[in-house]
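Okay, run.csv is below, CSV, C-alpha atoms:
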chain,number,residue,atom,x,y,z
V,1,MET,CA,70.4,29.9,-78.4
V,2,PRO,CA,71.9,27.3,-80.8
V,3,ALA,CA,75.3,28.2,-79.5
V,4,LEU,CA,74.2,27.5,-75.9
V,5,THR,CA,72.8,24.1,-76.9
V,6,THR,CA,76.1,23.2,-78.6
V,7,LYS,CA,78.1,24.2,-75.6
V,8,ARG,CA,76.0,22.0,-73.3
V,9,THR,CA,76.3,19.0,-75.6
V,10,SER,CA,80.0,19.3,-75.8
V,11,LEU,CA,80.3,19.3,-72.0
V,12,ARG,CA,78.3,16.2,-71.3
V,13,PRO,CA,80.9,13.6,-72.1
V,14,ALA,CA,83.4,15.4,-69.9
V,15,ASP,CA,80.9,15.6,-67.1
V,16,ASP,CA,80.0,11.9,-67.4
V,17,ALA,CA,83.7,10.9,-67.4
V,18,SER,CA,84.3,13.1,-64.3
V,19,LEU,CA,81.4,11.6,-62.4
V,20,GLY,CA,82.6,8.1,-63.3
V,21,LEU,CA,86.1,8.8,-62.0
V,22,ARG,CA,84.8,10.4,-58.8
V,23,GLU,CA,82.6,7.4,-58.2
V,24,LYS,CA,85.5,5.0,-58.8
V,25,ASN,CA,87.6,6.9,-56.3
V,26,LYS,CA,84.8,6.8,-53.7
V,27,MET,CA,84.4,3.0,-54.2
V,28,ASP,CA,88.2,2.5,-53.9
V,29,LYS,CA,88.4,4.5,-50.7
V,30,LEU,CA,85.4,2.6,-49.3
V,31,HIS,CA,87.0,-0.7,-50.1
V,32,ARG,CA,90.3,0.3,-48.5
V,33,ILE,CA,88.5,1.5,-45.3
V,34,LYS,CA,86.6,-1.8,-45.1
V,35,VAL,CA,89.8,-3.9,-45.6
V,36,ALA,CA,91.8,-1.8,-43.0
V,37,ALA,CA,89.0,-2.0,-40.5
V,38,ARG,CA,88.6,-5.7,-40.9
V,39,GLU,CA,92.3,-6.4,-40.6
V,40,LEU,CA,92.8,-4.2,-37.5
V,41,PHE,CA,89.7,-5.4,-35.7
V,42,ILE,CA,90.9,-9.0,-36.1
V,43,THR,CA,94.6,-8.5,-35.3
V,44,LYS,CA,94.3,-5.8,-32.6
V,45,GLY,CA,90.7,-6.4,-31.4
V,46,PHE,CA,87.8,-3.9,-31.5
V,47,ASP,CA,88.6,-2.2,-28.2
V,48,ASP,CA,92.2,-1.5,-28.9
V,49,THR,CA,91.7,-0.3,-32.5
V,50,THR,CA,91.3,3.4,-33.1
V,51,THR,CA,89.5,5.2,-36.0
V,52,ARG,CA,92.7,7.1,-36.7
V,53,GLU,CA,94.6,3.8,-37.1
V,54,ILE,CA,92.0,2.6,-39.6
V,55,ALA,CA,92.3,5.8,-41.6
V,56,LEU,CA,96.0,5.6,-41.6
V,57,ARG,CA,96.1,2.0,-42.9
V,58,ALA,CA,93.5,2.8,-45.5
V,59,GLY,CA,95.5,5.8,-46.7
V,60,VAL,CA,92.7,8.3,-46.2
V,61,GLY,CA,92.0,11.2,-44.0
V,62,ILE,CA,90.0,10.5,-40.8
V,63,GLY,CA,87.3,12.8,-42.2
V,64,THR,CA,86.9,10.5,-45.1
V,65,VAL,CA,86.2,7.6,-42.7
V,66,PHE,CA,83.4,9.5,-41.1
V,67,ILE,CA,81.7,10.0,-44.5
V,68,TYR,CA,80.9,6.2,-44.4
V,69,ALA,CA,80.5,5.5,-40.7
V,70,ASP,CA,79.5,7.6,-37.7
V,71,ASN,CA,81.8,6.0,-35.2
V,72,LYS,CA,84.1,3.0,-34.6
V,73,ARG,CA,81.2,0.6,-33.9
V,74,ASP,CA,79.6,1.8,-37.1
V,75,LEU,CA,82.8,0.8,-38.9
V,76,LEU,CA,82.4,-2.7,-37.6
V,77,PHE,CA,79.0,-3.0,-39.2
V,78,LEU,CA,80.2,-1.3,-42.3
V,79,VAL,CA,82.6,-4.2,-42.9
V,80,ALA,CA,79.8,-6.8,-42.9
V,81,ASN,CA,76.7,-5.0,-44.1
V,82,ASP,CA,76.9,-5.6,-47.9
V,83,GLU,CA,77.7,-9.3,-47.6
V,84,LEU,CA,75.2,-9.9,-44.8
V,85,ALA,CA,72.4,-8.3,-47.0
V,86,GLU,CA,73.4,-10.5,-49.9
V,87,THR,CA,73.4,-13.5,-47.7
V,88,THR,CA,69.9,-12.7,-46.5
V,89,SER,CA,68.7,-12.3,-50.1
V,90,ARG,CA,70.3,-15.7,-51.1
V,91,ALA,CA,68.7,-17.3,-48.0
V,92,GLU,CA,65.2,-15.9,-48.9
V,93,ALA,CA,65.6,-17.2,-52.5
V,94,THR,CA,66.4,-20.7,-51.5
V,95,VAL,CA,63.5,-21.3,-49.2
V,96,ARG,CA,60.9,-23.4,-51.1
V,97,GLU,CA,57.1,-23.5,-50.8
V,98,ASP,CA,57.0,-27.3,-50.6
V,99,GLU,CA,59.5,-27.6,-47.7
V,100,SER,CA,58.5,-28.5,-44.2
V,101,CYS,CA,58.5,-25.7,-41.5
V,102,LEU,CA,61.6,-27.1,-39.9
V,103,GLN,CA,63.4,-27.5,-43.3
V,104,SER,CA,62.6,-24.0,-44.3
V,105,LEU,CA,64.1,-22.6,-41.0
V,106,LEU,CA,67.2,-24.7,-41.3
V,107,THR,CA,67.7,-23.6,-45.0
V,108,LEU,CA,67.3,-20.0,-44.0
V,109,PHE,CA,69.6,-20.2,-41.0
V,110,ARG,CA,72.3,-22.3,-42.7
V,111,HIS,CA,73.2,-19.4,-45.0
V,112,HIS,CA,73.8,-17.2,-42.0
V,113,TYR,CA,75.9,-19.9,-40.2
V,114,GLU,CA,78.1,-20.0,-43.3
V,115,PHE,CA,78.4,-16.2,-43.4
V,116,PHE,CA,79.3,-15.8,-39.7
V,117,GLY,CA,81.6,-18.9,-39.8
V,118,ARG,CA,83.8,-17.5,-42.6
V,119,GLN,CA,85.5,-15.1,-40.2
V,120,PRO,CA,84.6,-16.1,-36.6
V,121,GLU,CA,86.8,-13.6,-34.9
V,122,LEU,CA,85.0,-10.7,-36.6
V,123,SER,CA,81.6,-12.4,-36.2
V,124,ARG,CA,82.1,-12.7,-32.5
V,125,LEU,CA,82.8,-8.9,-32.3
V,126,MET,CA,79.8,-8.1,-34.4
V,127,LEU,CA,77.4,-10.2,-32.3
V,128,ARG,CA,78.9,-8.8,-29.2
V,129,GLU,CA,78.5,-5.2,-30.3
V,130,MET,CA,75.0,-5.7,-31.8
V,131,ALA,CA,73.6,-6.3,-28.4
V,132,PHE,CA,73.6,-2.6,-27.7
V,133,TYR,CA,73.2,-0.5,-30.8
V,134,ASP,CA,74.9,2.9,-31.2
V,135,SER,CA,73.2,5.4,-33.4
V,136,GLY,CA,74.8,5.3,-36.8
V,137,ARG,CA,74.0,4.7,-40.4
V,138,GLN,CA,75.8,1.4,-40.6
V,139,ALA,CA,74.4,0.1,-37.3
V,140,ASP,CA,70.9,1.0,-38.4
V,141,ARG,CA,71.5,-0.9,-41.7
V,142,PHE,CA,72.8,-3.9,-39.8
V,143,GLN,CA,69.7,-3.8,-37.6
V,144,ALA,CA,67.4,-3.4,-40.7
V,145,THR,CA,68.9,-6.6,-42.2
V,146,ARG,CA,68.4,-8.4,-38.8
V,147,GLU,CA,64.7,-7.3,-38.8
V,148,ARG,CA,64.4,-8.6,-42.3
V,149,VAL,CA,65.6,-12.0,-41.2
V,150,ILE,CA,63.1,-12.0,-38.4
V,151,LYS,CA,60.3,-11.2,-40.8
V,152,LEU,CA,61.4,-14.0,-43.1
V,153,VAL,CA,61.2,-16.4,-40.1
V,154,GLY,CA,57.8,-15.0,-39.3
V,155,ALA,CA,56.7,-15.6,-42.8
V,156,VAL,CA,57.8,-19.2,-42.6
V,157,MET,CA,55.8,-19.7,-39.4
V,158,LYS,CA,52.8,-18.0,-40.9
V,159,ARG,CA,52.8,-20.3,-43.9
V,160,ALA,CA,53.0,-23.3,-41.5
V,161,LEU,CA,50.1,-21.9,-39.5
V,162,ASP,CA,48.0,-21.3,-42.7
V,163,ARG,CA,48.6,-24.8,-43.9
V,164,GLY,CA,47.8,-26.4,-40.6
V,165,MET,CA,51.4,-27.7,-40.1
V,166,ILE,CA,51.4,-26.1,-36.7
V,167,GLN,CA,48.7,-24.7,-34.4
V,168,SER,CA,49.0,-21.8,-32.0
V,169,SER,CA,46.9,-18.9,-30.8
V,170,GLU,CA,50.0,-16.7,-30.9
V,171,ASP,CA,50.8,-14.3,-33.7
V,172,SER,CA,53.1,-15.7,-36.4
V,173,GLY,CA,55.4,-12.7,-36.0
V,174,PHE,CA,55.9,-13.6,-32.3
V,175,ILE,CA,56.4,-17.3,-33.1
V,176,GLY,CA,59.0,-16.2,-35.7
V,177,TRP,CA,60.7,-14.0,-33.1
V,178,VAL,CA,61.1,-16.9,-30.6
V,179,ALA,CA,62.5,-19.1,-33.4
V,180,PHE,CA,65.0,-16.3,-34.3
V,181,CYS,CA,66.0,-16.1,-30.6
V,182,ILE,CA,66.8,-19.8,-30.6
V,183,PHE,CA,68.9,-19.3,-33.8
V,184,GLN,CA,70.8,-16.4,-32.2
V,185,VAL,CA,71.7,-18.3,-29.1
V,186,GLU,CA,72.7,-21.4,-31.0
V,187,LEU,CA,74.8,-19.4,-33.4
V,188,ARG,CA,76.7,-17.7,-30.6
V,189,ARG,CA,77.3,-21.1,-28.9
V,190,TRP,CA,78.5,-22.6,-32.2
V,191,LEU,CA,80.9,-19.7,-32.8
V,192,MET,CA,82.5,-20.3,-29.4
V,193,THR,CA,83.6,-23.8,-30.4
V,194,LYS,CA,87.2,-24.5,-31.4
V,195,GLU,CA,86.3,-26.4,-34.6
V,196,LEU,CA,83.5,-24.7,-36.5
V,197,ASP,CA,81.9,-27.8,-37.9
V,198,ILE,CA,78.8,-26.3,-39.7
V,199,ASP,CA,77.0,-29.7,-39.9
V,200,LYS,CA,77.4,-30.1,-36.1
V,201,GLY,CA,76.2,-26.6,-35.5
V,202,ILE,CA,73.1,-27.0,-37.7
V,203,ALA,CA,72.4,-30.4,-36.0
V,204,GLU,CA,72.3,-28.6,-32.6
V,205,LEU,CA,70.1,-25.9,-34.0
V,206,GLN,CA,67.8,-28.5,-35.5
V,207,ARG,CA,67.5,-30.2,-32.1
V,208,SER,CA,66.5,-26.9,-30.4
V,209,LEU,CA,64.1,-26.0,-33.2
V,210,GLN,CA,62.4,-29.4,-33.1
V,211,LEU,CA,61.9,-29.0,-29.3
V,212,PHE,CA,60.4,-25.6,-29.9
V,213,ILE,CA,58.1,-26.8,-32.7
V,214,GLN,CA,57.0,-30.0,-30.9
V,215,GLY,CA,56.5,-28.3,-27.5
V,216,LEU,CA,56.8,-29.9,-24.1
V,217,ALA,CA,53.2,-31.2,-23.8
V,218,PRO,CA,52.8,-29.5,-20.4
V,219,ALA,CA,50.6,-31.0,-17.7
V,220,LYS,CA,47.6,-28.9,-16.6
V,221,ASP,CA,49.3,-27.4,-13.6
V,222,CYS,CA,52.7,-26.8,-15.3
V,223,LEU,CA,51.9,-23.2,-16.4
V,224,VAL,CA,50.1,-22.0,-13.2
V,225,LEU,CA,51.5,-18.8,-11.9
V,226,SER,CA,51.4,-17.8,-8.3
V,227,LYS,CA,49.7,-14.5,-7.4
V,228,ARG,CA,52.8,-13.2,-5.6
V,229,PRO,CA,56.5,-13.8,-6.2
V,230,ARG,CA,58.0,-16.5,-4.1
V,231,HIS,CA,60.5,-14.2,-2.6
V,232,ALA,CA,59.2,-10.7,-1.8
V,233,ALA,CA,61.1,-7.9,-3.4
V,234,ARG,CA,63.6,-6.3,-1.2
V,235,ARG,CA,64.4,-2.6,-1.2
V,236,VAL,CA,67.9,-1.8,-2.3
V,237,ARG,CA,69.5,0.7,0.0
V,238,ALA,CA,72.2,2.9,-1.4
V,239,LYS,CA,75.4,2.7,0.4
V,240,PRO,CA,76.4,5.9,2.3

Would you mind writing the file out in structure tokens?
Amino acid sequence: MPALTTKRTSLRPADDASLGLREKNKMDKLHRIKVAARELFITKGFDDTTTREIALRAGVGIGTVFIYADNKRDLLFLVANDELAETTSRAEATVREDESCLQSLLTLFRHHYEFFGRQPELSRLMLREMAFYDSGRQADRFQATRERVIKLVGAVMKRALDRGMIQSSEDSGFIGWVAFCIFQVELRRWLMTKELDIDKGIAELQRSLQLFIQGLAPAKDCLVLSKRPRHAARRVRAKP
């Protein structure tokens, strides 16, 4: 029994060193895959890049690529996931309790403008592809971070409701979702401009959010809905 204990003790350092080396190799391969995918997506475009090309540039087998991502779209999200999650954490940490509702939203969203604005070509691809999620670990993680941002916006709106800064019969989560939708549209519009001036982009976002928060003070008959659609629905006949 003592001999067995001695043998196990002598093997532990070697095991730890071996695990450390394997982990470093995995991290190195993952880094090379991310760099290769980023470079090819930007230079060749998402549609014209193949998974095999990414593996070749990264110097790994194609099977290794699929350890980290389920498909090519998943690789696109893999490139951004870590940094996007960190950006969201920083944004959450910088929102202060004593800020106005509008200021909190702008503080939160500015971090994401900065993130997406650093590599606009890649960002445009991500925002295009995120419209229709494929199943995949990295796409799921990207969506989870997106849902986290939506919840943060909802929390800002809830705080404003609780303090009487705004009034609404709607749930704070839904109000946050509408504010997030405005952010998404303004972000896409900003990313399509030739000169990505972040201050101008935030100013346009501020204008839209102010309109959303202030409302349009509708007249009594402004929100009346007719019982039937103005144009009756037409049957679509399939062509022979």

Tell me, in Å to one decimal, how far atom CA of V:Ile213 is from atom CA of V:Cys101.
8.9 Å

Using all atoms listed in the file, find the one residue out of V:Ile33, V:Gln138, V:Ala69, V:Met27 that sits nearest to V:Arg57.
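Using all atoms listed in the file, the shortest distance to V:Arg57 belongs to V:Ile33.
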
Residues near V:His112, cut-off 12 Å, only C-alpha atoms, skip fewer than 4 positions along chain, as a ChimeraX atom specification
/V:83-92,105-108,116-118,123,145-146,149,180,183-184,186-188,191,198,201-202

Excluding V:Phe46 and its own-chain neighbours fewer than 3 positions away, which residues fall within 9 Å of it when counting all atoms listed in the file? Please give them as number ranges by chain.
V: 40-42, 49-50, 72-73, 76, 122, 125

Of the candidates V:Ser226, V:Thr193, V:Asn25, V:Gln206, which shows the shortest atom-to-atom distance to V:Pro120, using all atoms listed in the file?
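Nearest candidate to V:Pro120 out of V:Ser226, V:Thr193, V:Asn25, V:Gln206: V:Thr193.
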